[in-house]
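Engineer: This structure is in structure tokens; I'll ask about it shortly.
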Amino acid sequence: MKKIIQTIKGTREFYPETLALRNYLFEKVRAASQAFGYQEYDGPFIESIDLYAAKSGEELVKKQSFVFEDRGGELVTLRPELTPSLARMIAAKQNELTYPVRWWSFGPFWRYEQPQKGRSREFFQWNIDMLGVNSPEADAELIAVAATFMRSVGLSSERAQIYVNNRRLMEAQFDALGIAAEKRMDVSNMIDRRSKMESAKWDAYVLEFGLTQTQLDGLKDVLGNFDLWKQSDELTRMFAALDAMGVREYVKFVPGVMRGLLYYTGTVFEAFDTSGSLKRSLFGGGRYDNLLADVGGQPLSGVGFAMGDVGMGIFLQEAGLLPEFLPTPASVLVTVFDESMLIKSYAVAAQLRTAGLKVMVFPEPAKLQKQFKFADKMKMRIAVTVGPDEAANGQVAVKNLSTGEQVVMKEEEAADFIQKMVG
RNA sequence: GUGCCUGUAGCUCAACGGCAGAGCGCUACACUGUGGCUGUAGAGGUUGCGGGUUCGAAACCCGUCAGGCACCCCA
């Protein structure tokens, strides 16, 4: 035991039950993406660090990437995100693609962070983006994809909400309050942090940073104004589109949502557990206008979001919304009566498989008691036994393990019979 | 990168500085052609790892690794 080499910090092992959860999310992600006509794509898992250095912040490149030297002396990194790879892929074929490009992906990513609840160093992430259309309706479509996913996993709009804001709208508010341009990045960060702090402390923090009392009061008015979106044509159109798509109840305008990412330029959104027990957001995204130009392409606007499997998995689990995953390796067990019947059992199993059934043969002669116990534990539904008596008459004994009923029948009839029972 | 908490059987957890235990699970048998239920018995541990204090350490101290919570950050 003690000699087993430990897993790398922050990595996860997927036992069959856990992998079933990951695949479940994958299926739901695929279904929601395809329902809106998005195509699946993927990028390399390792990239040059320069790809991220070009646009991402210092935190990402210097502290939170898995960077190492390959055998040729090149600095490579395990991809911490997909968007720069996407931007490059689009830029490389910018004039051949048919727009709008609607692409999605689900794959592994790595970030060198402190593992904690909802966060590991190796995780899967759903990325979905539309590029080439800059309209509030396109923003709405991405949010609708997200809401469709939420609905498909049983998340009601009471349990989780997508909070929406708009960078341009906020810029206008900052203008009106006379907040200097160089202070806005920090002010944005403070706004993001506000929900985590006591109100009085936050006020003091903002004043200490250098805003005037008037600016602070004005800022608090803005953050408390949930009708502010009506001043924005973009958001007004977006909400109308969300209404038409039937997902309006999942979306709420919240002026305190800013998102840390530098590259967002318009609408931003982030989904939260309404009970607030999971402090991390479930997913987040927004509109970006400059990303392609940053990697050397022609300017092209896009909108998209990303969702990690870890946080969403925990949330669904805690909400009791996960189906019971019973990774059944086979639904039928063919028992092995004794040494002389071993070959016969394999033949019977092969016959059943040609009918499309999932069939396992007990690997060796053993007490039937043990074999049935095995079938029970593996949650198999049918046990087929061929003993000397049955074999002599060209028959097999088919037992329904949930009802306990056993029927002896002609070998040829077994497949049909079982298929009807398994459904 | 920072702070606090935790680490004992496969799992969940007990054990005042003094014999390492329970429940569940597992294996076998009761039940030599049939699972679930029940009963009986059994296996399973260098107490995460390394050092120190002590007559004596699972417990106390230091280090380290891993996990949890919160910072930082959240692409």
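Labeling convention for the structure tokens: chains A, B, ... as they appear, residues from 1 per chain, ligands from 1 in order of appearance.
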For chain B against chain A, with a cut-off of 8 Å and counting only C-alpha atoms (C1' of nucleotides), what is the closest atom pair and its distance in Å to one decimal for every residue that makes the cut, ordered by chain and number, as a tab-separated table?

Structural biologist:
residue	atom	partner	partner_atom	distance
B:G33	C1'	A:Leu368	CA	7.3
B:U34	C1'	A:Gln369	CA	5.9
B:G35	C1'	A:Lys373	CA	4.4
B:G36	C1'	A:Asp376	CA	7.4
B:G48	C1'	A:Lys2	CA	7.8
B:A66	C1'	A:Lys9	CA	7.7
B:G68	C1'	A:Gln116	CA	7.2
B:C69	C1'	A:Gln116	CA	8.0
B:C73	C1'	A:Glu59	CA	7.3
B:C74	C1'	A:Gly260	CA	7.4
B:A75	C1'	A:Glu81	CA	6.1

Engineer: Could you pull out all residues of region 64-188 of chain A with a DSSP call of strand (DSSP E or B) and give them as an NGL selection string?

Structural biologist: :A and (66-69 or 75-78 or 101-110 or 116 or 119 or 122-131 or 160-166)

Engineer: Work out how far CA of Glu47 (chain A) is from CA of Val76 (chain A), in Å to one decimal.

Structural biologist: 5.6 Å

Engineer: Mind checking which residues fall within 10 Å of region 16-18 of chain B, counting only C-alpha atoms (C1' of nucleotides), ignoring those fewer than 2 positions away in the same chain, and posting them as a ChimeraX atom specification?

Structural biologist: /B:54,56-57,59-60

Engineer: List the spatial neighbours of region 150-162 of chain A as a ChimeraX atom specification - criterion: any atom at most 10 Å away, only C-alpha atoms (C1' of nucleotides), same-chain residues fewer than 6 positions off excluded.

Structural biologist: /A:24-25,28-29,31-32,143-144,247-254,269-276,281-284,315-316,319-323

Engineer: Using C-alpha atoms, can you write the selected residues to a file as a PDB file, in the first residue's frame?

Structural biologist:
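Output below, filename out_5.pdb:
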ATOM      1  CA  TYR A  24     -22.994  11.978 -18.969  1.00  0.00           C
ATOM      2  CA  LEU A  25     -21.905  15.618 -18.950  1.00  0.00           C
ATOM      3  CA  LYS A  28     -25.537  16.613 -22.457  1.00  0.00           C
ATOM      4  CA  VAL A  29     -22.973  19.125 -23.691  1.00  0.00           C
ATOM      5  CA  ALA A  31     -26.731  17.447 -27.296  1.00  0.00           C
ATOM      6  CA  ALA A  32     -27.103  21.124 -26.338  1.00  0.00           C
ATOM      7  CA  ILE A 143     -26.865  32.040 -23.414  1.00  0.00           C
ATOM      8  CA  ALA A 144     -29.722  29.968 -24.777  1.00  0.00           C
ATOM      9  CA  VAL A 247     -35.090  30.749 -21.818  1.00  0.00           C
ATOM     10  CA  ARG A 248     -35.720  34.187 -20.360  1.00  0.00           C
ATOM     11  CA  GLU A 249     -36.397  32.826 -16.871  1.00  0.00           C
ATOM     12  CA  TYR A 250     -32.809  31.596 -16.553  1.00  0.00           C
ATOM     13  CA  VAL A 251     -31.306  35.016 -17.135  1.00  0.00           C
ATOM     14  CA  LYS A 252     -31.073  38.012 -14.876  1.00  0.00           C
ATOM     15  CA  PHE A 253     -29.365  41.353 -15.295  1.00  0.00           C
ATOM     16  CA  VAL A 254     -26.865  41.911 -12.470  1.00  0.00           C
ATOM     17  CA  PHE A 269     -22.406  36.463 -18.324  1.00  0.00           C
ATOM     18  CA  GLU A 270     -21.797  34.049 -15.542  1.00  0.00           C
ATOM     19  CA  ALA A 271     -23.951  31.307 -14.016  1.00  0.00           C
ATOM     20  CA  PHE A 272     -24.343  30.861 -10.287  1.00  0.00           C
ATOM     21  CA  ASP A 273     -25.954  28.489  -7.887  1.00  0.00           C
ATOM     22  CA  THR A 274     -28.793  30.592  -6.480  1.00  0.00           C
ATOM     23  CA  SER A 275     -28.399  29.095  -3.018  1.00  0.00           C
ATOM     24  CA  GLY A 276     -24.862  30.443  -2.994  1.00  0.00           C
ATOM     25  CA  SER A 281     -19.454  30.287 -10.934  1.00  0.00           C
ATOM     26  CA  LEU A 282     -20.708  27.303 -12.881  1.00  0.00           C
ATOM     27  CA  PHE A 283     -19.633  28.752 -16.199  1.00  0.00           C
ATOM     28  CA  GLY A 284     -18.981  32.129 -17.720  1.00  0.00           C
ATOM     29  CA  PHE A 315     -23.167  21.144  -8.064  1.00  0.00           C
ATOM     30  CA  LEU A 316     -25.374  18.586  -9.789  1.00  0.00           C
ATOM     31  CA  ALA A 319     -28.474  19.238  -5.927  1.00  0.00           C
ATOM     32  CA  GLY A 320     -29.381  15.555  -6.205  1.00  0.00           C
ATOM     33  CA  LEU A 321     -29.806  15.860  -9.941  1.00  0.00           C
ATOM     34  CA  LEU A 322     -27.462  13.165 -11.101  1.00  0.00           C
ATOM     35  CA  PRO A 323     -29.020   9.977 -12.368  1.00  0.00           C
TER      36      PRO A 323
END

Engineer: Provide the CA of Phe325 (chain A) to CA of Gly313 (chain A) distance in Å, to one decimal place.

Structural biologist: 13.1 Å

Engineer: Skip Ser65 (chain A) itself and residues of its chain fewer than 6 positions away, then list as a PDB file with N, CA and C atoms, in the first residue's frame all residues within 8 Å of it, counting only C-alpha atoms (C1' of nucleotides).

Structural biologist:
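Written out: around-v2.pdb:
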ATOM      1  N   THR A  77       3.694  24.175 -22.992  1.00  0.00           N
ATOM      2  CA  THR A  77       2.784  24.188 -21.860  1.00  0.00           C
ATOM      3  C   THR A  77       1.570  23.323 -22.155  1.00  0.00           C
ATOM      4  N   LEU A  78       1.076  22.665 -21.119  1.00  0.00           N
ATOM      5  CA  LEU A  78      -0.207  21.970 -21.240  1.00  0.00           C
ATOM      6  C   LEU A  78      -1.264  23.055 -21.316  1.00  0.00           C
ATOM      7  N   ARG A  79      -2.138  22.975 -22.258  1.00  0.00           N
ATOM      8  CA  ARG A  79      -3.060  24.083 -22.510  1.00  0.00           C
ATOM      9  C   ARG A  79      -3.911  24.419 -21.275  1.00  0.00           C
ATOM     10  N   PRO A  80      -3.913  25.695 -20.851  1.00  0.00           N
ATOM     11  CA  PRO A  80      -4.732  26.100 -19.718  1.00  0.00           C
ATOM     12  C   PRO A  80      -6.114  26.573 -20.164  1.00  0.00           C
ATOM     13  N   TRP A 110      -5.268  22.015 -18.178  1.00  0.00           N
ATOM     14  CA  TRP A 110      -4.419  21.940 -16.992  1.00  0.00           C
ATOM     15  C   TRP A 110      -4.084  23.337 -16.486  1.00  0.00           C
ATOM     16  N   ARG A 111      -4.223  23.512 -15.195  1.00  0.00           N
ATOM     17  CA  ARG A 111      -3.805  24.780 -14.580  1.00  0.00           C
ATOM     18  C   ARG A 111      -3.142  24.471 -13.252  1.00  0.00           C
ATOM     19  N   TYR A 112      -2.028  25.124 -13.035  1.00  0.00           N
ATOM     20  CA  TYR A 112      -1.263  24.849 -11.825  1.00  0.00           C
ATOM     21  C   TYR A 112      -1.820  25.686 -10.681  1.00  0.00           C
TER      22      TYR A 112
END

Engineer: Can you tell me which residues surround G51 (chain B) at a distance of at most 12 Å, considering only C-alpha atoms (C1' of nucleotides), apart from same-chain residues fewer than 4 positions away, and format the answer as an MDAnalysis selection string?

Structural biologist: chainID B and resid 61:64

Engineer: Based on the selection just made, write N, CA and C atoms (P, O5', C5', C4', C3', O3' and C1' of nucleotides) of those residues as a PDB file, in the first residue's frame.

Structural biologist:
ATOM      1  P     C B  61       2.088  19.269  18.827  1.00  0.00           P
ATOM      2  O5'   C B  61       3.667  19.396  18.689  1.00  0.00           O
ATOM      3  C5'   C B  61       4.400  20.308  19.502  1.00  0.00           C
ATOM      4  C4'   C B  61       5.861  20.266  19.115  1.00  0.00           C
ATOM      5  C3'   C B  61       6.147  20.409  17.633  1.00  0.00           C
ATOM      6  O3'   C B  61       6.154  21.762  17.218  1.00  0.00           O
ATOM      7  C1'   C B  61       7.369  18.578  18.479  1.00  0.00           C
ATOM      8  P     C B  62       5.699  22.106  15.724  1.00  0.00           P
ATOM      9  O5'   C B  62       6.960  21.651  14.871  1.00  0.00           O
ATOM     10  C5'   C B  62       8.210  22.306  15.017  1.00  0.00           C
ATOM     11  C4'   C B  62       9.258  21.655  14.151  1.00  0.00           C
ATOM     12  C3'   C B  62       8.874  21.469  12.690  1.00  0.00           C
ATOM     13  O3'   C B  62       9.027  22.648  11.920  1.00  0.00           O
ATOM     14  C1'   C B  62       9.822  19.470  13.501  1.00  0.00           C
ATOM     15  P     G B  63       8.073  22.864  10.651  1.00  0.00           P
ATOM     16  O5'   G B  63       8.610  21.797   9.594  1.00  0.00           O
ATOM     17  C5'   G B  63       9.912  21.936   9.053  1.00  0.00           C
ATOM     18  C4'   G B  63      10.319  20.690   8.298  1.00  0.00           C
ATOM     19  C3'   G B  63       9.462  20.330   7.098  1.00  0.00           C
ATOM     20  O3'   G B  63       9.783  21.098   5.947  1.00  0.00           O
ATOM     21  C1'   G B  63       9.876  18.393   8.376  1.00  0.00           C
ATOM     22  P     U B  64       8.612  21.455   4.912  1.00  0.00           P
ATOM     23  O5'   U B  64       8.305  20.050   4.213  1.00  0.00           O
ATOM     24  C5'   U B  64       9.312  19.383   3.460  1.00  0.00           C
ATOM     25  C4'   U B  64       8.853  17.991   3.103  1.00  0.00           C
ATOM     26  C3'   U B  64       7.525  17.916   2.350  1.00  0.00           C
ATOM     27  O3'   U B  64       7.693  18.128   0.957  1.00  0.00           O
ATOM     28  C1'   U B  64       7.509  16.359   4.125  1.00  0.00           C
TER      29        U B  64
END

Engineer: Report the distance between CA of Glu198 (chain A) and CA of Val222 (chain A) in Å, rounded to one decimal place.

Structural biologist: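 Between these atoms lies a distance of 18.0 Å.
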
Engineer: Please report, as a VMD selection string, each residue of region 311-360 of chain A to which DSSP assigns alpha helix (DSSP H) when run on this structure's backbone.

Structural biologist: chain A and resid 311 to 318 342 to 354
